[in-house]
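For reference, run11.cif is printed below; it contains mmCIF, C-alpha atoms.
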data_start
loop_
_atom_site.group_PDB
_atom_site.id
_atom_site.type_symbol
_atom_site.label_atom_id
_atom_site.label_comp_id
_atom_site.auth_asym_id
_atom_site.auth_seq_id
_atom_site.Cartn_x
_atom_site.Cartn_y
_atom_site.Cartn_z
ATOM 1 C CA MET G 119 105.861 94.454 105.563
ATOM 2 C CA ASP G 120 107.583 95.677 102.419
ATOM 3 C CA ARG G 121 104.369 96.669 100.661
ATOM 4 C CA VAL G 122 103.059 98.720 103.569
ATOM 5 C CA GLY G 123 106.350 100.243 104.671
ATOM 6 C CA ALA G 124 106.301 98.609 108.061
ATOM 7 C CA TRP G 125 110.027 98.219 108.617
ATOM 8 C CA ASP G 126 111.017 101.580 110.088
ATOM 9 C CA ASP G 127 109.509 103.220 113.157
ATOM 10 C CA GLU G 128 108.264 106.322 111.322
ATOM 11 C CA SER G 129 106.375 104.359 108.664
ATOM 12 C CA TRP G 130 105.096 101.923 111.284
ATOM 13 C CA ALA G 131 103.613 104.739 113.368
ATOM 14 C CA GLY G 132 102.398 106.608 110.279
ATOM 15 C CA GLY G 133 100.058 103.910 109.028
ATOM 16 C CA GLY G 134 102.236 100.892 108.400
ATOM 17 C CA ARG G 135 100.877 99.072 111.435
ATOM 18 C CA ALA G 136 97.240 99.568 110.404
ATOM 19 C CA ALA G 137 97.967 98.636 106.789
ATOM 20 C CA LEU G 138 99.776 95.466 107.825
ATOM 21 C CA ARG G 139 96.955 94.452 110.158
ATOM 22 C CA GLU G 140 94.458 94.999 107.290
ATOM 23 C CA ARG G 141 96.497 92.773 104.967
ATOM 24 C CA THR G 142 96.758 90.123 107.689
ATOM 25 C CA ALA G 143 93.002 90.249 108.293
ATOM 26 C CA ALA G 144 92.349 89.928 104.545
ATOM 27 C CA LEU G 145 94.538 86.813 104.317
ATOM 28 C CA VAL G 146 92.872 85.232 107.336
ATOM 29 C CA ALA G 147 89.428 86.040 105.905
ATOM 30 C CA ALA G 148 90.394 84.398 102.606
ATOM 31 C CA VAL G 149 91.448 81.231 104.434
ATOM 32 C CA ARG G 150 88.187 81.268 106.381
ATOM 33 C CA ALA G 151 86.081 81.715 103.234
ATOM 34 C CA THR G 152 87.680 79.153 100.946
ATOM 35 C CA ARG G 153 86.319 75.676 100.463
ATOM 36 C CA ARG G 154 89.629 74.523 99.042
ATOM 37 C CA THR G 155 92.325 72.658 100.884
ATOM 38 C CA VAL G 156 95.007 75.114 101.945
ATOM 39 C CA VAL G 157 98.514 74.005 102.804
ATOM 40 C CA ALA G 158 100.630 76.807 104.210
ATOM 41 C CA VAL G 159 104.258 76.605 105.233
ATOM 42 C CA THR G 160 105.671 79.378 107.388
ATOM 43 C CA ASN G 161 108.592 79.980 109.679
ATOM 44 C CA GLU G 162 108.353 80.064 113.453
ATOM 45 C CA VAL G 163 110.766 82.869 114.242
ATOM 46 C CA GLY G 164 109.737 83.494 117.839
ATOM 47 C CA SER G 165 111.568 80.558 119.376
ATOM 48 C CA GLY G 166 115.100 81.721 118.757
ATOM 49 C CA VAL G 167 117.410 84.567 119.566
ATOM 50 C CA VAL G 168 115.794 87.966 120.180
ATOM 51 C CA PRO G 169 116.496 90.077 117.076
ATOM 52 C CA ALA G 170 118.953 92.929 117.630
ATOM 53 C CA THR G 171 116.959 95.515 115.670
ATOM 54 C CA ALA G 172 113.515 97.007 116.144
ATOM 55 C CA ALA G 173 112.594 95.951 112.593
ATOM 56 C CA GLY G 174 113.664 92.378 113.327
ATOM 57 C CA ARG G 175 111.605 92.283 116.509
ATOM 58 C CA ARG G 176 108.636 93.770 114.658
ATOM 59 C CA PHE G 177 108.936 91.082 111.963
ATOM 60 C CA ARG G 178 109.106 88.343 114.604
ATOM 61 C CA ASP G 179 106.068 89.689 116.449
ATOM 62 C CA GLU G 180 103.938 90.314 113.375
ATOM 63 C CA LEU G 181 104.731 86.927 111.845
ATOM 64 C CA GLY G 182 103.739 85.325 115.149
ATOM 65 C CA ARG G 183 100.425 87.197 115.109
ATOM 66 C CA LEU G 184 99.797 86.168 111.512
ATOM 67 C CA ASN G 185 100.685 82.533 112.202
ATOM 68 C CA ALA G 186 98.365 82.404 115.218
ATOM 69 C CA ALA G 187 95.449 84.028 113.367
ATOM 70 C CA PHE G 188 95.983 81.768 110.352
ATOM 71 C CA ALA G 189 96.168 78.658 112.543
ATOM 72 C CA ASP G 190 92.917 79.609 114.270
ATOM 73 C CA GLU G 191 91.151 79.108 110.919
ATOM 74 C CA CYS G 192 92.682 75.693 110.244
ATOM 75 C CA GLU G 193 91.362 72.253 111.056
ATOM 76 C CA GLU G 194 94.857 70.827 111.359
ATOM 77 C CA VAL G 195 98.055 72.559 112.484
ATOM 78 C CA LEU G 196 101.476 70.930 112.608
ATOM 79 C CA LEU G 197 104.753 72.234 113.967
ATOM 80 C CA VAL G 198 107.765 70.588 112.369
ATOM 81 C CA VAL G 199 110.945 70.599 114.423
ATOM 82 C CA ALA G 200 114.077 68.770 113.306
ATOM 83 C CA GLY G 201 112.007 66.905 110.732
ATOM 84 C CA GLN G 202 109.501 65.695 113.323
ATOM 85 C CA ALA G 203 105.866 66.755 112.933
ATOM 86 C CA LEU G 204 104.124 67.667 116.163
ATOM 87 C CA VAL G 205 100.331 67.865 115.922
ATOM 88 C CA LEU G 206 99.107 71.086 117.517
ATOM 89 C CA ARG G 207 95.543 70.704 116.268
ATOM 90 C CA GLY G 208 94.138 67.909 114.203
#
Produce C-alpha cells that represent the structure in this file.
Amino acid sequence: MDRVGAWDDESWAGGGRAALRERTAALVAAVRATRRTVVAVTNEVGSGVVPATAAGRRFRDELGRLNAAFADECEEVLLVVAGQALVLRG
C-alpha cells in the first residue's frame, strides 16, 4: 500500500486501488507459477476490532483479499490461533 499510495482516499481513487490490485495479482501469479515450496506467514486482521480509520479498514480489507487469493493457490493452508494450527486446506 505504501508503494502505490493506497492509504488516503484521493490516492486510492486516483489509481492506488488499481495499482494495488495489479501488485496483488502479480504476487498470486508468482505463487501459481513457481515449482518451489513457498511458506508464507501473514496476519489475519479481519477477525478483530473494526479499524477506526478509512485507511485501517482499507488495509484490513485488502490484506483479506490478498490472503484469500494467495491461499487459493496453495495446496495446504493453516490458520494458527493461540499457538494451535487449524488445517483449512491440506
Residue members of the PyMOL selection byres ((chain G and resi 124) around 9) in the file shown, as a VMD selection string: chain G and resid 119 to 123 125 to 131 133 to 135 137 to 138 173 176 to 177
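For the file at hand, the PyMOL selection byres ((chain G and resi 145) around 12) resolves to Leu138, Arg139, Glu140, Arg141, Thr142, Ala143, Ala144, Val146, Ala147, Ala148, Val149, Arg150, Ala151, Thr152, Val156, Ala158, Leu184, Asn185, Ala187, Phe188, Ala189 and Glu191 of chain G.
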Straight-line distance linking atom CA of Glu194 of chain G with atom CA of Arg178 of chain G, stated in Å to one decimal: 22.8 Å
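The interatomic distance for the pair atom CA of Asp179 of chain G and atom CA of Gly164 of chain G works out to 7.3 Å.
Of note, atom CA of Glu180 of chain G and atom CA of Val198 of chain G are spaced 20.1 Å apart.
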Run the PyMOL selection byres ((chain G and resi 196) around 12) against the file shown and list the residues it catches, as a compact mmCIF listing (two decimals) with C-alpha atoms, in the frame of the given file.
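And here is the file that came out, expr02.txt:
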# COMPACT_ATOMS: atom_id res chain seq x y z
CA VAL G 157 98.51 74.00 102.80
CA ALA G 158 100.63 76.81 104.21
CA VAL G 159 104.26 76.60 105.23
CA THR G 160 105.67 79.38 107.39
CA ASN G 161 108.59 79.98 109.68
CA GLU G 162 108.35 80.06 113.45
CA ASN G 185 100.68 82.53 112.20
CA ALA G 189 96.17 78.66 112.54
CA CYS G 192 92.68 75.69 110.24
CA GLU G 193 91.36 72.25 111.06
CA GLU G 194 94.86 70.83 111.36
CA VAL G 195 98.06 72.56 112.48
CA LEU G 197 104.75 72.23 113.97
CA VAL G 198 107.76 70.59 112.37
CA VAL G 199 110.94 70.60 114.42
CA GLY G 201 112.01 66.90 110.73
CA GLN G 202 109.50 65.69 113.32
CA ALA G 203 105.87 66.76 112.93
CA LEU G 204 104.12 67.67 116.16
CA VAL G 205 100.33 67.86 115.92
CA LEU G 206 99.11 71.09 117.52
CA ARG G 207 95.54 70.70 116.27
CA GLY G 208 94.14 67.91 114.20
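Using only C-alpha atoms, the nearest neighbour of Arg183 of chain G within the list G:Val163, G:Gly132, G:Arg153, G:Pro169 is G:Val163.
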For segment 121-141 of chain G, supply N, CA, C and O atoms and report the output as an mmCIF file, in the frame of the given file.
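Now in result.cif:
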data_model
loop_
_atom_site.group_PDB
_atom_site.id
_atom_site.type_symbol
_atom_site.label_atom_id
_atom_site.label_comp_id
_atom_site.auth_asym_id
_atom_site.auth_seq_id
_atom_site.Cartn_x
_atom_site.Cartn_y
_atom_site.Cartn_z
ATOM 1 N N ARG G 121 105.403 95.950 101.406
ATOM 2 C CA ARG G 121 104.369 96.669 100.661
ATOM 3 C C ARG G 121 103.719 97.792 101.449
ATOM 4 O O ARG G 121 103.194 98.735 100.875
ATOM 5 N N VAL G 122 103.711 97.687 102.763
ATOM 6 C CA VAL G 122 103.059 98.720 103.569
ATOM 7 C C VAL G 122 104.061 99.620 104.283
ATOM 8 O O VAL G 122 103.671 100.491 105.047
ATOM 9 N N GLY G 123 105.338 99.410 104.038
ATOM 10 C CA GLY G 123 106.350 100.243 104.671
ATOM 11 C C GLY G 123 106.385 100.090 106.175
ATOM 12 O O GLY G 123 106.393 101.080 106.897
ATOM 13 N N ALA G 124 106.394 98.854 106.626
ATOM 14 C CA ALA G 124 106.301 98.609 108.061
ATOM 15 C C ALA G 124 107.637 98.334 108.733
ATOM 16 O O ALA G 124 107.667 97.930 109.882
ATOM 17 N N TRP G 125 108.730 98.573 108.040
ATOM 18 C CA TRP G 125 110.027 98.219 108.617
ATOM 19 C C TRP G 125 110.575 99.283 109.569
ATOM 20 O O TRP G 125 111.153 98.951 110.589
ATOM 21 N N ASP G 126 110.431 100.550 109.225
ATOM 22 C CA ASP G 126 111.017 101.580 110.088
ATOM 23 C C ASP G 126 109.958 102.167 111.012
ATOM 24 O O ASP G 126 108.765 102.122 110.737
ATOM 25 N N ASP G 127 110.411 102.722 112.123
ATOM 26 C CA ASP G 127 109.509 103.220 113.157
ATOM 27 C C ASP G 127 108.575 104.315 112.647
ATOM 28 O O ASP G 127 107.397 104.347 113.007
ATOM 29 N N GLU G 128 109.084 105.210 111.819
ATOM 30 C CA GLU G 128 108.264 106.322 111.322
ATOM 31 C C GLU G 128 107.116 105.811 110.454
ATOM 32 O O GLU G 128 105.967 106.209 110.624
ATOM 33 N N SER G 129 107.424 104.925 109.525
ATOM 34 C CA SER G 129 106.375 104.359 108.664
ATOM 35 C C SER G 129 105.402 103.509 109.465
ATOM 36 O O SER G 129 104.200 103.499 109.208
ATOM 37 N N TRP G 130 105.935 102.779 110.438
ATOM 38 C CA TRP G 130 105.096 101.923 111.284
ATOM 39 C C TRP G 130 104.057 102.764 112.016
ATOM 40 O O TRP G 130 102.876 102.452 112.003
ATOM 41 N N ALA G 131 104.515 103.861 112.615
ATOM 42 C CA ALA G 131 103.613 104.739 113.368
ATOM 43 C C ALA G 131 102.700 105.533 112.434
ATOM 44 O O ALA G 131 101.587 105.891 112.807
ATOM 45 N N GLY G 132 103.156 105.779 111.205
ATOM 46 C CA GLY G 132 102.398 106.608 110.279
ATOM 47 C C GLY G 132 101.404 105.858 109.417
ATOM 48 O O GLY G 132 100.958 106.363 108.401
ATOM 49 N N GLY G 133 101.058 104.650 109.791
ATOM 50 C CA GLY G 133 100.058 103.910 109.028
ATOM 51 C C GLY G 133 100.481 102.519 108.629
ATOM 52 O O GLY G 133 99.652 101.721 108.194
ATOM 53 N N GLY G 134 101.755 102.224 108.759
ATOM 54 C CA GLY G 134 102.236 100.892 108.400
ATOM 55 C C GLY G 134 101.620 99.789 109.249
ATOM 56 O O GLY G 134 101.272 98.729 108.735
ATOM 57 N N ARG G 135 101.471 100.065 110.533
ATOM 58 C CA ARG G 135 100.877 99.072 111.435
ATOM 59 C C ARG G 135 99.450 98.742 111.011
ATOM 60 O O ARG G 135 99.076 97.588 110.868
ATOM 61 N N ALA G 136 98.642 99.777 110.791
ATOM 62 C CA ALA G 136 97.240 99.568 110.404
ATOM 63 C C ALA G 136 97.155 98.860 109.057
ATOM 64 O O ALA G 136 96.337 97.947 108.879
ATOM 65 N N ALA G 137 97.991 99.257 108.114
ATOM 66 C CA ALA G 137 97.967 98.636 106.789
ATOM 67 C C ALA G 137 98.365 97.163 106.866
ATOM 68 O O ALA G 137 97.764 96.319 106.197
ATOM 69 N N LEU G 138 99.358 96.859 107.677
ATOM 70 C CA LEU G 138 99.776 95.466 107.825
ATOM 71 C C LEU G 138 98.685 94.636 108.484
ATOM 72 O O LEU G 138 98.399 93.516 108.052
ATOM 73 N N ARG G 139 98.047 95.173 109.496
ATOM 74 C CA ARG G 139 96.955 94.452 110.158
ATOM 75 C C ARG G 139 95.793 94.213 109.197
ATOM 76 O O ARG G 139 95.143 93.167 109.236
ATOM 77 N N GLU G 140 95.509 95.171 108.303
ATOM 78 C CA GLU G 140 94.458 94.999 107.290
ATOM 79 C C GLU G 140 94.815 93.870 106.329
ATOM 80 O O GLU G 140 93.961 93.050 105.988
ATOM 81 N N ARG G 141 96.057 93.840 105.884
ATOM 82 C CA ARG G 141 96.497 92.773 104.967
ATOM 83 C C ARG G 141 96.439 91.415 105.659
ATOM 84 O O ARG G 141 96.034 90.424 105.051
#
